[in-house]
Amino acid sequence: QVQLVESGGGSVQAGGSLRLSCGASGYTYRNYCMGWFRQVPGKEREGVARIYTGGGFTAYANSVKGRFTISQDKADNMLYLQMNSLKPEDTAMYYCAAYERGVAYCSGDSSSYNYWGQGTQVTVSS
């Protein structure tokens with residue numbers, strides 16, 4: 001059973017930066033798609049960025065391209081989201097998610113992901 005635990009959220013002013021971390025445990029020796037999603041109350045969960053642990057694939061939502069970077073440390077089973085030039089509209093609960101995948105393409109649909117963390121809050125003030 002894969003378990004994901006996020007950390008690194010907080011409150012920053014617009015233009016600031018935060019780095020979210022997601023620690024994974026319970027992994028098998030297989031590859032996974034891992035992603036960051038965010039959600040604000042009353043709205044659907046939105047895909048932010050995703051990466052294939054076997055390499056060769058990353059993708060970003062248009063709203064964060066050029067500002068956010070997803071990365072991984074496979075040795076430590078860690079996933080990161082570096083968020084720069086933060087905007088008030090980036091305010092949301094951010095979730096780390098994963099699903100097992102054998103090819104280097106990762107869905108942006110949250111329903112494809114069957115492992116989820118508990119979330120970490122990011123608040124950006126203007």
# chains A, B, ... in the order shown; residues from 1 in each chain; ligands from 1
>>> closest_atom_pairs(of="range 34-57 of chain A", to="range 110-125 of chain A", cutoff="12 Å", atoms="only C-alpha atoms", output="CSV")
residue,atom,partner,partner_atom,distance
A:Met34,CA,A:Tyr113,CA,8.3
A:Gly35,CA,A:Tyr113,CA,8.5
A:Trp36,CA,A:Ser110,CA,9.6
A:Phe37,CA,A:Ser110,CA,7.7
A:Arg38,CA,A:Gly119,CA,8.6
A:Gln39,CA,A:Gly119,CA,9.5
A:Val40,CA,A:Gln121,CA,9.8
A:Pro41,CA,A:Gln121,CA,11.9
A:Glu44,CA,A:Ser110,CA,9.9
A:Arg45,CA,A:Ser110,CA,7.4
A:Glu46,CA,A:Ser110,CA,7.8
A:Gly47,CA,A:Ser110,CA,7.0
A:Val48,CA,A:Ser110,CA,10.4
A:Ala49,CA,A:Ser110,CA,11.3
A:Arg50,CA,A:Ser110,CA,10.7
>>> residues_around(residues="Tyr27 in chain A", least_positions_apart="2", cutoff="8 Å", atoms="only C-alpha atoms", output="PyMOL selection string")
chain A and resi 1-2+24-25+29-30
>>> write_last_selection(atoms="all heavy atoms", output="PDB file, in the first residue's frame")
ATOM      1  N   GLN A   1       0.840  -1.175   0.000  1.00  0.00           N
ATOM      2  CA  GLN A   1       0.000   0.000   0.000  1.00  0.00           C
ATOM      3  C   GLN A   1       0.888   1.242   0.000  1.00  0.00           C
ATOM      4  O   GLN A   1       1.697   1.437   0.888  1.00  0.00           O
ATOM      5  CB  GLN A   1      -0.911   0.021   1.232  1.00  0.00           C
ATOM      6  CG  GLN A   1      -1.851   1.199   1.291  1.00  0.00           C
ATOM      7  CD  GLN A   1      -3.008   1.073   0.324  1.00  0.00           C
ATOM      8  OE1 GLN A   1      -3.186   0.032  -0.302  1.00  0.00           O
ATOM      9  NE2 GLN A   1      -3.773   2.131   0.175  1.00  0.00           N
ATOM     10  N   VAL A   2       0.731   2.084  -1.019  1.00  0.00           N
ATOM     11  CA  VAL A   2       1.525   3.308  -1.111  1.00  0.00           C
ATOM     12  C   VAL A   2       0.925   4.376  -0.199  1.00  0.00           C
ATOM     13  O   VAL A   2      -0.287   4.577  -0.179  1.00  0.00           O
ATOM     14  CB  VAL A   2       1.551   3.822  -2.564  1.00  0.00           C
ATOM     15  CG1 VAL A   2       2.267   5.162  -2.646  1.00  0.00           C
ATOM     16  CG2 VAL A   2       2.234   2.799  -3.465  1.00  0.00           C
ATOM     17  N   ALA A  24       6.999   9.402  -0.072  1.00  0.00           N
ATOM     18  CA  ALA A  24       6.263   8.201  -0.446  1.00  0.00           C
ATOM     19  C   ALA A  24       6.852   6.984   0.254  1.00  0.00           C
ATOM     20  O   ALA A  24       8.065   6.859   0.387  1.00  0.00           O
ATOM     21  CB  ALA A  24       6.319   8.011  -1.960  1.00  0.00           C
ATOM     22  N   SER A  25       5.988   6.094   0.684  1.00  0.00           N
ATOM     23  CA  SER A  25       6.420   4.835   1.270  1.00  0.00           C
ATOM     24  C   SER A  25       5.528   3.719   0.753  1.00  0.00           C
ATOM     25  O   SER A  25       4.433   3.974   0.250  1.00  0.00           O
ATOM     26  CB  SER A  25       6.364   4.899   2.793  1.00  0.00           C
ATOM     27  OG  SER A  25       5.041   5.131   3.233  1.00  0.00           O
ATOM     28  N   TYR A  29       8.995  -2.076  -6.682  1.00  0.00           N
ATOM     29  CA  TYR A  29      10.033  -1.734  -7.650  1.00  0.00           C
ATOM     30  C   TYR A  29       9.397  -1.592  -9.035  1.00  0.00           C
ATOM     31  O   TYR A  29       9.750  -2.283  -9.977  1.00  0.00           O
ATOM     32  CB  TYR A  29      11.123  -2.793  -7.641  1.00  0.00           C
ATOM     33  CG  TYR A  29      11.960  -2.733  -6.389  1.00  0.00           C
ATOM     34  CD1 TYR A  29      11.718  -3.613  -5.338  1.00  0.00           C
ATOM     35  CD2 TYR A  29      12.971  -1.798  -6.252  1.00  0.00           C
ATOM     36  CE1 TYR A  29      12.480  -3.556  -4.183  1.00  0.00           C
ATOM     37  CE2 TYR A  29      13.741  -1.739  -5.099  1.00  0.00           C
ATOM     38  CZ  TYR A  29      13.480  -2.621  -4.067  1.00  0.00           C
ATOM     39  OH  TYR A  29      14.235  -2.559  -2.926  1.00  0.00           O
ATOM     40  N   ARG A  30       8.466  -0.678  -9.118  1.00  0.00           N
ATOM     41  CA  ARG A  30       7.797  -0.378 -10.376  1.00  0.00           C
ATOM     42  C   ARG A  30       7.783   1.120 -10.573  1.00  0.00           C
ATOM     43  O   ARG A  30       8.158   1.866  -9.677  1.00  0.00           O
ATOM     44  CB  ARG A  30       6.367  -0.933 -10.348  1.00  0.00           C
ATOM     45  CG  ARG A  30       6.323  -2.438 -10.256  1.00  0.00           C
ATOM     46  CD  ARG A  30       4.916  -2.952 -10.063  1.00  0.00           C
ATOM     47  NE  ARG A  30       4.901  -4.414  -9.920  1.00  0.00           N
ATOM     48  CZ  ARG A  30       3.838  -5.110  -9.590  1.00  0.00           C
ATOM     49  NH1 ARG A  30       2.683  -4.491  -9.357  1.00  0.00           N
ATOM     50  NH2 ARG A  30       3.889  -6.430  -9.483  1.00  0.00           N
TER      51      ARG A  30
END
>>> closest_residue(among="A:Cys22, A:Gly42, A:Asp73, A:Gly108", to="Tyr60 in chain A", atoms="only C-alpha atoms")
A:Gly108
>>> atom_distance(atom1="CA of Pro88 in chain A", atom2="CA of Arg67 in chain A")
13.5 Å
>>> select_by_dssp(residues="range 3-90 of chain A", states="helix (DSSP H, G or I)", output="MDAnalysis selection string")
chainID A and resid 74:76 88:90
>>> write_last_selection(atoms="N, CA, C and O atoms", output="compact mmCIF listing (two decimals), in the first residue's frame")
# COMPACT_ATOMS: atom_id res chain seq x y z
N LYS A 74 14.39 9.89 -6.56
CA LYS A 74 13.98 8.49 -6.50
C LYS A 74 14.66 7.75 -5.37
O LYS A 74 14.08 6.86 -4.77
N ALA A 75 15.88 8.12 -5.07
CA ALA A 75 16.63 7.43 -4.02
C ALA A 75 15.93 7.57 -2.67
O ALA A 75 15.93 6.64 -1.86
N ASP A 76 15.32 8.73 -2.44
CA ASP A 76 14.65 8.99 -1.17
C ASP A 76 13.13 8.91 -1.28
O ASP A 76 12.43 9.22 -0.32
N PRO A 88 -2.09 35.16 -5.96
CA PRO A 88 -3.22 34.84 -5.07
C PRO A 88 -4.09 33.70 -5.60
O PRO A 88 -4.62 32.91 -4.80
N GLU A 89 -4.21 33.58 -6.90
CA GLU A 89 -5.03 32.50 -7.47
C GLU A 89 -4.40 31.12 -7.32
O GLU A 89 -5.03 30.11 -7.65
N ASP A 90 -3.17 31.06 -6.84
CA ASP A 90 -2.54 29.76 -6.52
C ASP A 90 -2.97 29.25 -5.16
O ASP A 90 -2.63 28.11 -4.78
>>> atom_distance(atom1="CA of Ser21 in chain A", atom2="CA of Ala104 in chain A")
22.1 Å
>>> residues_around(residues="Ile70 in chain A", least_positions_apart="6", cutoff="8 Å", atoms="only C-alpha atoms", output="list in words")
Ala49, Arg50, Ile51, Thr58, Leu79, Tyr80, Leu81 and Gln82 of chain A
>>> write_last_selection(atoms="N, CA and C atoms", output="CSV table (one decimal), in the first residue's frame")
chain,number,residue,atom,x,y,z
A,49,ALA,N,0.8,19.6,-11.9
A,49,ALA,CA,2.0,19.1,-12.6
A,49,ALA,C,2.0,17.6,-12.3
A,50,ARG,N,2.7,16.9,-13.2
A,50,ARG,CA,2.8,15.4,-13.1
A,50,ARG,C,4.1,15.0,-13.7
A,51,ILE,N,4.6,13.8,-13.2
A,51,ILE,CA,5.9,13.3,-13.6
A,51,ILE,C,5.9,11.8,-13.6
A,58,THR,N,7.2,14.9,-18.1
A,58,THR,CA,6.6,15.8,-17.2
A,58,THR,C,5.6,16.7,-17.9
A,79,LEU,N,8.9,13.5,-3.8
A,79,LEU,CA,8.4,14.3,-4.9
A,79,LEU,C,8.4,15.8,-4.5
A,80,TYR,N,8.7,16.7,-5.4
A,80,TYR,CA,8.8,18.1,-5.0
A,80,TYR,C,8.0,18.9,-6.0
A,81,LEU,N,7.5,20.1,-5.5
A,81,LEU,CA,6.9,21.1,-6.4
A,81,LEU,C,7.5,22.4,-6.0
A,82,GLN,N,8.4,22.9,-6.8
A,82,GLN,CA,8.9,24.3,-6.5
A,82,GLN,C,8.0,25.3,-7.2
>>> closest_residue(among="A:Ser71, A:Ser126, A:Tyr32, A:Met93", to="Gly15 in chain A", atoms="only C-alpha atoms")
A:Ser126
>>> select_by_dssp(residues="chain A", states="strand (DSSP E or B)", output="PyMOL selection string")
chain A and resi 3-7+10-13+18-25+32-39+46-52+58-60+68-73+78-83+92-100+115-116+120-125
>>> atom_distance(atom1="CA of Val5 in chain A", atom2="CA of Ala92 in chain A")
16.7 Å
>>> closest_residue(among="A:Asn84, A:Gly26, A:Cys33, A:Ser11", to="Gln72 in chain A", atoms="only C-alpha atoms")
A:Cys33
